[in-house]
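Data block for final14.pdb (PDB, C-alpha atoms):
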MODEL        1
ATOM      1  CA  MET A 115     175.498   7.634 -13.837
ATOM      2  CA  VAL A 116     172.627   5.213 -13.300
ATOM      3  CA  ASN A 117     173.548   1.760 -14.570
ATOM      4  CA  ASP A 118     170.167   0.142 -14.595
ATOM      5  CA  ASP A 119     167.649   1.037 -17.361
ATOM      6  CA  ALA A 120     164.682   0.572 -15.030
ATOM      7  CA  GLU A 121     166.085   3.012 -12.478
ATOM      8  CA  LEU A 122     166.958   5.497 -15.186
ATOM      9  CA  LEU A 123     163.465   5.239 -16.661
ATOM     10  CA  GLU A 124     161.963   5.860 -13.246
ATOM     11  CA  ARG A 125     164.002   9.044 -12.883
ATOM     12  CA  ILE A 126     162.993  10.202 -16.374
ATOM     13  CA  ARG A 127     159.340   9.543 -15.613
ATOM     14  CA  ASN A 128     159.713  11.633 -12.479
ATOM     15  CA  GLY A 129     160.827  14.616 -14.503
ATOM     16  CA  ALA A 130     164.572  14.162 -15.116
ATOM     17  CA  THR A 131     164.157  14.795 -18.857
ATOM     18  CA  ASP A 132     167.878  15.382 -19.457
ATOM     19  CA  GLU A 133     168.646  11.837 -18.382
ATOM     20  CA  PHE A 134     166.881  10.597 -21.501
ATOM     21  CA  ALA A 135     170.147  11.530 -23.248
ATOM     22  CA  VAL A 136     171.872   8.806 -21.209
ATOM     23  CA  LEU A 137     169.295   6.314 -22.424
ATOM     24  CA  VAL A 138     169.886   7.481 -26.007
ATOM     25  CA  GLN A 139     173.669   7.108 -25.655
ATOM     26  CA  ARG A 140     173.201   3.649 -24.221
ATOM     27  CA  HIS A 141     170.953   2.343 -26.995
ATOM     28  CA  GLN A 142     171.783   4.423 -30.068
ATOM     29  CA  ALA A 143     174.183   1.842 -31.551
ATOM     30  CA  GLN A 144     171.483  -0.827 -31.338
ATOM     31  CA  VAL A 145     168.903   1.439 -33.003
ATOM     32  CA  PHE A 146     171.298   2.498 -35.774
ATOM     33  CA  GLY A 147     172.186  -1.178 -36.269
ATOM     34  CA  ILE A 148     168.554  -2.050 -36.894
ATOM     35  CA  LEU A 149     167.713   0.926 -39.077
ATOM     36  CA  HIS A 150     170.689   0.813 -41.406
ATOM     37  CA  ARG A 151     169.424  -2.551 -42.680
ATOM     38  CA  TYR A 152     166.510  -0.653 -44.212
ATOM     39  CA  GLU A 153     168.073   2.633 -45.232
ATOM     40  CA  ARG A 154     171.561   3.281 -46.618
ATOM     41  CA  ASP A 155     171.588   7.058 -46.455
ATOM     42  CA  PHE A 156     173.246   8.097 -43.189
ATOM     43  CA  GLN A 157     171.213  11.283 -42.772
ATOM     44  CA  LYS A 158     167.979   9.368 -43.193
ATOM     45  CA  VAL A 159     169.131   6.678 -40.762
ATOM     46  CA  GLU A 160     169.797   9.391 -38.207
ATOM     47  CA  ASP A 161     166.356  10.924 -38.810
ATOM     48  CA  LEU A 162     164.731   7.513 -38.378
ATOM     49  CA  ALA A 163     166.737   6.899 -35.205
ATOM     50  CA  GLN A 164     165.552  10.235 -33.852
ATOM     51  CA  GLU A 165     161.970   9.308 -34.708
ATOM     52  CA  THR A 166     162.460   6.007 -32.851
ATOM     53  CA  PHE A 167     163.677   7.705 -29.686
ATOM     54  CA  LEU A 168     160.956  10.335 -29.895
ATOM     55  CA  LYS A 169     158.331   7.621 -30.094
ATOM     56  CA  ALA A 170     159.939   5.854 -27.148
ATOM     57  CA  TRP A 171     159.747   9.125 -25.225
ATOM     58  CA  ARG A 172     156.102   9.711 -26.129
ATOM     59  CA  PHE A 173     155.051   6.212 -25.117
ATOM     60  CA  LEU A 174     157.353   5.819 -22.131
ATOM     61  CA  ASP A 175     154.346   5.419 -19.858
ATOM     62  CA  ARG A 176     153.307   2.353 -21.817
ATOM     63  CA  PHE A 177     156.578   0.555 -21.120
ATOM     64  CA  ASP A 178     155.660  -1.798 -18.289
ATOM     65  CA  GLY A 179     159.138  -3.236 -17.682
ATOM     66  CA  ARG A 180     158.081  -6.847 -18.224
ATOM     67  CA  ALA A 181     160.583  -7.168 -21.099
ATOM     68  CA  PRO A 182     163.975  -5.433 -21.164
ATOM     69  CA  PHE A 183     163.911  -1.866 -22.428
ATOM     70  CA  HIS A 184     166.064  -2.707 -25.472
ATOM     71  CA  HIS A 185     163.486  -5.262 -26.662
ATOM     72  CA  TRP A 186     160.765  -2.649 -26.463
ATOM     73  CA  LEU A 187     162.970  -0.134 -28.246
ATOM     74  CA  SER A 188     163.777  -2.693 -30.977
ATOM     75  CA  ARG A 189     160.087  -3.136 -31.655
ATOM     76  CA  ILE A 190     159.657   0.624 -32.000
ATOM     77  CA  ALA A 191     162.673   0.849 -34.335
ATOM     78  CA  LEU A 192     161.284  -1.969 -36.480
ATOM     79  CA  ARG A 193     157.919  -0.233 -36.673
ATOM     80  CA  VAL A 194     159.622   2.998 -37.706
ATOM     81  CA  ALA A 195     161.619   1.079 -40.333
ATOM     82  CA  LEU A 196     158.458  -0.567 -41.652
ATOM     83  CA  ASP A 197     156.670   2.771 -41.963
ATOM     84  CA  HIS A 198     159.733   4.126 -43.757
ATOM     85  CA  LEU A 199     159.745   1.198 -46.211
ATOM     86  CA  ARG A 200     156.049   1.742 -46.908
ATOM     87  CA  ARG A 201     156.678   5.413 -47.665
ATOM     88  CA  GLN A 202     159.705   4.547 -49.819
ATOM     89  CA  LYS A 203     157.760   1.929 -51.728
ATOM     90  CA  ARG A 204     155.373   4.574 -52.920
ATOM     91  CA  ILE A 205     158.295   6.708 -54.067
ATOM     92  CA  ARG A 206     160.682   4.191 -55.591
ATOM     93  CA  ALA A 207     159.879   0.607 -56.498
ATOM     94  CA  GLU A 208     162.489   0.201 -59.208
ATOM     95  CA  ILE A 209     166.091  -0.802 -58.626
ATOM     96  CA  ALA A 210     168.439   2.061 -59.360
ATOM     97  CA  LEU A 211     171.495   0.564 -61.018
ATOM     98  CA  SER A 212     173.388   3.784 -60.625
ATOM     99  CA  ASP A 213     173.331   3.189 -56.863
ATOM    100  CA  LEU A 214     175.307  -0.014 -57.206
ATOM    101  CA  GLY A 215     179.053  -0.514 -57.402
ATOM    102  CA  GLU A 216     180.458  -2.047 -60.578
ATOM    103  CA  SER A 217     182.388  -4.716 -58.691
ATOM    104  CA  ALA A 218     179.245  -5.962 -56.947
ATOM    105  CA  LEU A 219     177.493  -6.326 -60.301
ATOM    106  CA  ASP A 220     180.553  -8.009 -61.811
ATOM    107  CA  TRP A 221     180.581 -10.537 -59.006
ATOM    108  CA  LEU A 222     176.875 -11.128 -59.429
ATOM    109  CA  GLN A 223     177.352 -11.726 -63.121
ATOM    110  CA  ALA A 224     180.427 -13.975 -62.801
ATOM    111  CA  PRO A 225     179.796 -17.721 -62.744
ATOM    112  CA  GLY A 226     182.207 -18.276 -59.827
ATOM    113  CA  ASP A 227     182.871 -16.500 -56.537
ATOM    114  CA  GLU A 228     185.910 -14.563 -57.719
ATOM    115  CA  GLY A 229     186.004 -10.815 -57.132
ATOM    116  CA  GLU A 230     183.933 -10.957 -53.976
ATOM    117  CA  PRO A 231     182.438  -7.511 -53.217
ATOM    118  CA  ALA A 232     183.119  -5.658 -50.004
ATOM    119  CA  ALA A 233     180.547  -5.905 -47.215
ATOM    120  CA  ALA A 234     179.196  -2.412 -47.925
ATOM    121  CA  GLN A 235     178.776  -3.183 -51.628
ATOM    122  CA  ALA A 236     177.040  -6.471 -50.884
ATOM    123  CA  ALA A 237     174.692  -4.664 -48.502
ATOM    124  CA  GLU A 238     174.058  -2.025 -51.151
ATOM    125  CA  LEU A 239     173.288  -4.693 -53.724
ATOM    126  CA  LEU A 240     170.884  -6.467 -51.390
ATOM    127  CA  HIS A 241     169.260  -3.192 -50.441
ATOM    128  CA  ALA A 242     168.621  -2.383 -54.095
ATOM    129  CA  ALA A 243     167.339  -5.872 -54.873
ATOM    130  CA  MET A 244     165.037  -5.853 -51.850
ATOM    131  CA  ALA A 245     163.524  -2.489 -52.795
ATOM    132  CA  GLY A 246     160.780  -4.205 -54.796
ATOM    133  CA  LEU A 247     159.706  -6.567 -51.997
ATOM    134  CA  PRO A 248     156.607  -5.901 -49.914
ATOM    135  CA  PRO A 249     157.824  -4.064 -46.771
ATOM    136  CA  GLU A 250     156.661  -6.756 -44.335
ATOM    137  CA  ASP A 251     158.299  -9.555 -46.354
ATOM    138  CA  ARG A 252     161.487  -7.564 -46.593
ATOM    139  CA  GLN A 253     161.539  -6.991 -42.863
ATOM    140  CA  VAL A 254     161.071 -10.670 -42.110
ATOM    141  CA  LEU A 255     163.869 -11.648 -44.506
ATOM    142  CA  THR A 256     166.157  -8.965 -43.092
ATOM    143  CA  LEU A 257     165.575 -10.114 -39.531
ATOM    144  CA  LEU A 258     166.120 -13.725 -40.515
ATOM    145  CA  GLU A 259     169.114 -13.441 -42.837
ATOM    146  CA  LEU A 260     170.886 -10.232 -41.914
ATOM    147  CA  GLU A 261     170.242  -9.984 -38.203
ATOM    148  CA  GLY A 262     170.313 -13.743 -37.672
ATOM    149  CA  ARG A 263     167.119 -13.743 -35.582
ATOM    150  CA  SER A 264     165.193 -16.941 -34.953
ATOM    151  CA  VAL A 265     161.616 -17.397 -36.208
ATOM    152  CA  LYS A 266     160.396 -17.205 -32.606
ATOM    153  CA  GLU A 267     162.173 -13.887 -32.064
ATOM    154  CA  ILE A 268     160.723 -12.520 -35.300
ATOM    155  CA  CYS A 269     157.235 -13.524 -34.162
ATOM    156  CA  GLU A 270     157.761 -11.595 -30.924
ATOM    157  CA  LEU A 271     159.178  -8.564 -32.683
ATOM    158  CA  THR A 272     156.688  -8.301 -35.517
ATOM    159  CA  GLY A 273     153.571  -9.887 -34.087
ATOM    160  CA  PHE A 274     153.318 -12.315 -37.021
ATOM    161  CA  SER A 275     152.495 -15.969 -36.410
ATOM    162  CA  ASN A 276     155.136 -18.646 -36.878
ATOM    163  CA  ALA A 277     153.527 -19.786 -40.136
ATOM    164  CA  ALA A 278     153.243 -16.202 -41.426
ATOM    165  CA  VAL A 279     156.952 -15.585 -40.790
ATOM    166  CA  ARG A 280     157.922 -18.741 -42.684
ATOM    167  CA  VAL A 281     155.604 -17.972 -45.597
ATOM    168  CA  ARG A 282     156.804 -14.380 -45.842
ATOM    169  CA  ALA A 283     160.456 -15.442 -45.689
ATOM    170  CA  HIS A 284     159.930 -18.040 -48.408
ATOM    171  CA  ARG A 285     158.065 -15.595 -50.625
ATOM    172  CA  ALA A 286     160.627 -12.849 -50.038
ATOM    173  CA  ARG A 287     163.538 -15.173 -50.895
ATOM    174  CA  ALA A 288     161.880 -16.177 -54.163
ATOM    175  CA  LYS A 289     161.244 -12.550 -55.107
ATOM    176  CA  LEU A 290     164.756 -11.550 -54.130
ATOM    177  CA  ARG A 291     166.206 -14.286 -56.347
ATOM    178  CA  LYS A 292     164.146 -12.973 -59.245
ATOM    179  CA  ALA A 293     165.225  -9.385 -58.581
ATOM    180  CA  LEU A 294     168.884 -10.405 -58.464
ATOM    181  CA  ALA A 295     168.460 -12.426 -61.659
ATOM    182  CA  ARG A 296     167.024  -9.318 -63.299
ATOM    183  CA  LEU A 297     170.057  -7.373 -62.132
ATOM    184  CA  GLU A 298     172.345 -10.012 -63.603
ATOM    185  CA  SER A 299     170.667  -9.810 -66.970
ATOM    186  CA  THR A 300     170.404  -6.008 -66.901
ATOM    187  CA  LYS A 301     174.190  -5.819 -66.725
ATOM    188  CA  HIS A 302     174.441  -7.396 -70.182
ATOM    189  CA  GLU A 303     172.093  -4.933 -71.838
TER     190      GLU A 303
ATOM    191  CA  MET B 160     170.873 -16.609 -59.166
ATOM    192  CA  ASN B 161     172.163 -19.676 -57.413
ATOM    193  CA  GLU B 162     171.565 -20.424 -53.735
ATOM    194  CA  ARG B 163     175.276 -20.395 -52.899
ATOM    195  CA  LYS B 164     175.705 -16.873 -54.177
ATOM    196  CA  LEU B 165     172.611 -15.657 -52.379
ATOM    197  CA  LYS B 166     173.935 -17.102 -49.123
ATOM    198  CA  LYS B 167     177.295 -15.454 -49.752
ATOM    199  CA  LEU B 168     175.594 -12.147 -50.396
ATOM    200  CA  PHE B 169     173.730 -12.344 -47.082
ATOM    201  CA  GLU B 170     176.926 -13.391 -45.334
ATOM    202  CA  LEU B 171     178.865 -10.429 -46.712
ATOM    203  CA  ALA B 172     176.070  -7.919 -46.060
ATOM    204  CA  ARG B 173     175.747  -9.154 -42.479
ATOM    205  CA  THR B 174     179.271  -7.952 -41.735
ATOM    206  CA  ASP B 175     178.585  -4.443 -43.030
ATOM    207  CA  PRO B 176     178.997  -2.292 -39.891
ATOM    208  CA  PRO B 177     176.241   0.210 -39.031
ATOM    209  CA  PRO B 178     177.143   3.896 -39.242
ATOM    210  CA  ALA B 179     178.177   5.503 -35.970
ATOM    211  CA  PRO B 180     175.775   8.158 -34.699
ATOM    212  CA  SER B 181     177.094  11.692 -34.863
ATOM    213  CA  GLY B 182     178.655  12.970 -31.648
ATOM    214  CA  ASN B 183     175.728  15.117 -30.644
ATOM    215  CA  PHE B 184     172.960  12.710 -31.586
ATOM    216  CA  ASP B 185     171.734  12.398 -28.002
ATOM    217  CA  LEU B 186     171.520  16.184 -27.720
ATOM    218  CA  ARG B 187     169.633  16.339 -30.999
ATOM    219  CA  VAL B 188     167.066  13.905 -29.644
ATOM    220  CA  LEU B 189     166.838  15.891 -26.430
ATOM    221  CA  ALA B 190     166.290  19.112 -28.374
ATOM    222  CA  ALA B 191     163.511  17.441 -30.374
ATOM    223  CA  ILE B 192     161.899  16.289 -27.144
ATOM    224  CA  ARG B 193     162.039  19.798 -25.700
ATOM    225  CA  ARG B 194     160.507  21.197 -28.885
ATOM    226  CA  GLU B 195     157.696  18.749 -28.554
ATOM    227  CA  GLY B 196     157.202  19.690 -24.943
ATOM    228  CA  ARG B 197     157.153  17.460 -21.948
ATOM    229  CA  VAL B 198     154.056  15.342 -21.940
ATOM    230  CA  ALA B 199     152.090  16.709 -19.010
ATOM    231  CA  PRO B 200     150.772  14.196 -16.485
ATOM    232  CA  VAL B 201     147.139  13.419 -17.155
ATOM    233  CA  SER B 202     144.928  15.421 -14.798
ATOM    234  CA  TRP B 203     141.716  14.258 -13.124
ATOM    235  CA  TRP B 204     139.673  16.462 -15.445
ATOM    236  CA  ASP B 205     141.431  15.085 -18.530
ATOM    237  CA  GLN B 206     140.631  11.564 -17.396
ATOM    238  CA  LEU B 207     137.001  12.527 -16.841
ATOM    239  CA  GLY B 208     136.930  14.192 -20.263
ATOM    240  CA  ALA B 209     138.308  11.037 -21.830
ATOM    241  CA  LEU B 210     135.605   9.019 -20.106
ATOM    242  CA  LEU B 211     132.773  11.361 -21.159
ATOM    243  CA  PRO B 212     131.800   9.584 -24.416
ATOM    244  CA  ARG B 213     131.530   6.291 -22.523
ATOM    245  CA  LEU B 214     129.574   7.891 -19.694
ATOM    246  CA  ALA B 215     127.205   9.530 -22.185
ATOM    247  CA  PHE B 216     126.684   6.218 -23.928
ATOM    248  CA  ALA B 217     126.017   4.478 -20.612
ATOM    249  CA  ALA B 218     123.498   7.204 -19.689
ATOM    250  CA  VAL B 219     121.664   6.759 -22.993
ATOM    251  CA  LEU B 220     121.506   3.006 -22.360
ATOM    252  CA  VAL B 221     120.077   3.529 -18.871
ATOM    253  CA  MET B 222     117.471   5.960 -20.217
ATOM    254  CA  ALA B 223     116.510   3.541 -22.970
ATOM    255  CA  ALA B 224     116.210   0.720 -20.429
ATOM    256  CA  CYS B 225     113.947   2.908 -18.233
ATOM    257  CA  LEU B 226     111.723   3.789 -21.180
ATOM    258  CA  VAL B 227     111.414   0.158 -22.222
ATOM    259  CA  ALA B 228     110.644  -0.908 -18.649
ATOM    260  CA  ASP B 229     108.065   1.868 -18.311
ATOM    261  CA  TYR B 230     106.398   0.896 -21.559
ATOM    262  CA  TYR B 231     106.430  -2.795 -20.581
ATOM    263  CA  TYR B 232     104.899  -2.299 -17.138
ATOM    264  CA  SER B 233     102.377   0.272 -18.405
ATOM    265  CA  ALA B 234     101.190  -2.210 -20.983
ATOM    266  CA  ARG B 235     100.774  -4.939 -18.349
ATOM    267  CA  GLN B 236      98.875  -2.777 -15.826
ATOM    268  CA  PRO B 237      96.666  -0.440 -17.833
ATOM    269  CA  SER B 238      95.077   2.225 -15.721
ATOM    270  CA  SER B 239      91.430   2.949 -16.358
ATOM    271  CA  PHE B 240      90.398   6.067 -18.236
ATOM    272  CA  ALA B 241      88.215   7.211 -15.332
ATOM    273  CA  GLU B 242      91.140   7.090 -12.867
ATOM    274  CA  ASP B 243      93.374   9.019 -15.239
ATOM    275  CA  ALA B 244      90.674  11.632 -15.874
ATOM    276  CA  THR B 245      90.030  12.096 -12.137
ATOM    277  CA  GLN B 246      93.719  12.493 -11.413
ATOM    278  CA  PHE B 247      94.175  14.936 -14.283
ATOM    279  CA  SER B 248      91.189  17.079 -13.334
ATOM    280  CA  THR B 249      92.162  17.158  -9.657
ATOM    281  CA  GLU B 250      95.681  18.316 -10.437
ATOM    282  CA  THR B 251      94.479  20.855 -12.985
ATOM    283  CA  LEU B 252      91.727  22.249 -10.751
ATOM    284  CA  PHE B 253      94.032  22.595  -7.730
ATOM    285  CA  VAL B 254      96.538  24.489  -9.833
ATOM    286  CA  ALA B 255      93.865  26.649 -11.550
ATOM    287  CA  ASN B 256      92.263  27.634  -8.155
ATOM    288  CA  GLY B 257      95.655  28.364  -6.616
ATOM    289  CA  ASP B 258      94.861  25.839  -3.939
ATOM    290  CA  GLY B 259      98.150  24.364  -2.882
ATOM    291  CA  SER B 260      96.751  22.025  -0.218
TER     292      SER B 260
ENDMDL
END
For the file at hand, write its structure as structure tokens.
Amino acid sequence: MVNDDAELLERIRNGATDEFAVLVQRHQAQVFGILHRYERDFQKVEDLAQETFLKAWRFLDRFDGRAPFHHWLSRIALRVALDHLRRQKRIRAEIALSDLGESALDWLQAPGDEGEPAAAQAAELLHAAMAGLPPEDRQVLTLLELEGRSVKEICELTGFSNAAVRVRAHRARAKLRKALARLESTKHE
Amino acid sequence: MNERKLKKLFELARTDPPPAPSGNFDLRVLAAIRREGRVAPVSWWDQLGALLPRLAFAAVLVMAACLVADYYYSARQPSSFAEDATQFSTETLFVANGDGS
């Protein structure tokens, strides 16, 4: 097994197609980790991950090795996620309450922190509340708050300027607060 | 929605583990790649074909430049009508008489 990505990529470029599977095994957890922030359905996450690796395969010649391979792959995964959000936005802009767990909504509604939801339910709640955000704003907020990336890293990954990242994050947070407030009030109806 | 709760929500969601890929995910990707077909290395002819629109454009520019230059220099050095007529008649007569000398 070749340990170094660069060496492995060289072999793949020289025709060892099967060794791309090694590259997939090596980076699949990272790609799934990125994509599941934007899609909760496992089957769809897997489809998006496949699309990511296929794109990486198609554009392998464009990878110049100046940055580590996983950085390059992250950018592709984020682009795939963004395209997915844009497609989804056309399909569903409304929050589907039926998708959410009761306990997550109860916690949201309660004045205190009692009855904290599980991580999966919190993620589900956020996912639903973020569904109405513009895809680019949502991606910036996700990278900042859920992946814990710095503004500089987000600039590198998305190509936005420092100011654009900050503006988008601020705008997205405000919209998210409003969406969550709507969810809180919807529970009473 | 207070700020504390929003922060808590992010904090909780951050710990949500990603789903594990299915066991044969790498093979699935490989199968998709095979379906798509290995991207053939770009041949010399393909590269030339890709360059053709640019080459054609460059050729049009050169032709346009030649025409402009010809027009410009013709305008500056007008030949006399008598010279042109003599040249024309000489060429026409030689051709009409079959005299190739």
Query raised in the report: Where does the ChimeraX specification (/A :<8) & /B land in this file, that is, which residues does it pick, as a PyMOL selection string?
Result: chain B and resi 160+164-165+168-180+185-189+191-192+198
Query - Selection result for the PyMOL selection byres ((chain A and resi 280-282) around 9) on this file, as a ChimeraX atom specification - result: /A:250-252,254-255,265,275-279,283-287
Requested in this report: Go ahead and compute the interatomic distance for CA of Pro248 in chain A and CA of Arg189 in chain A, in Å to one decimal.
Outcome: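 Separation of CA of Pro248 in chain A and CA of Arg189 in chain A: 18.8 Å.
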Report task. Please measure the separation of CA of Gln253 in chain A and CA of Leu196 in chain A, giving the value in Å to one decimal. Result ->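 Answer for the CA of Gln253 in chain A to CA of Leu196 in chain A separation: 7.2 Å.
Put simply, CA of His198 in chain A is 8.6 Å away from CA of Glu153 in chain A.
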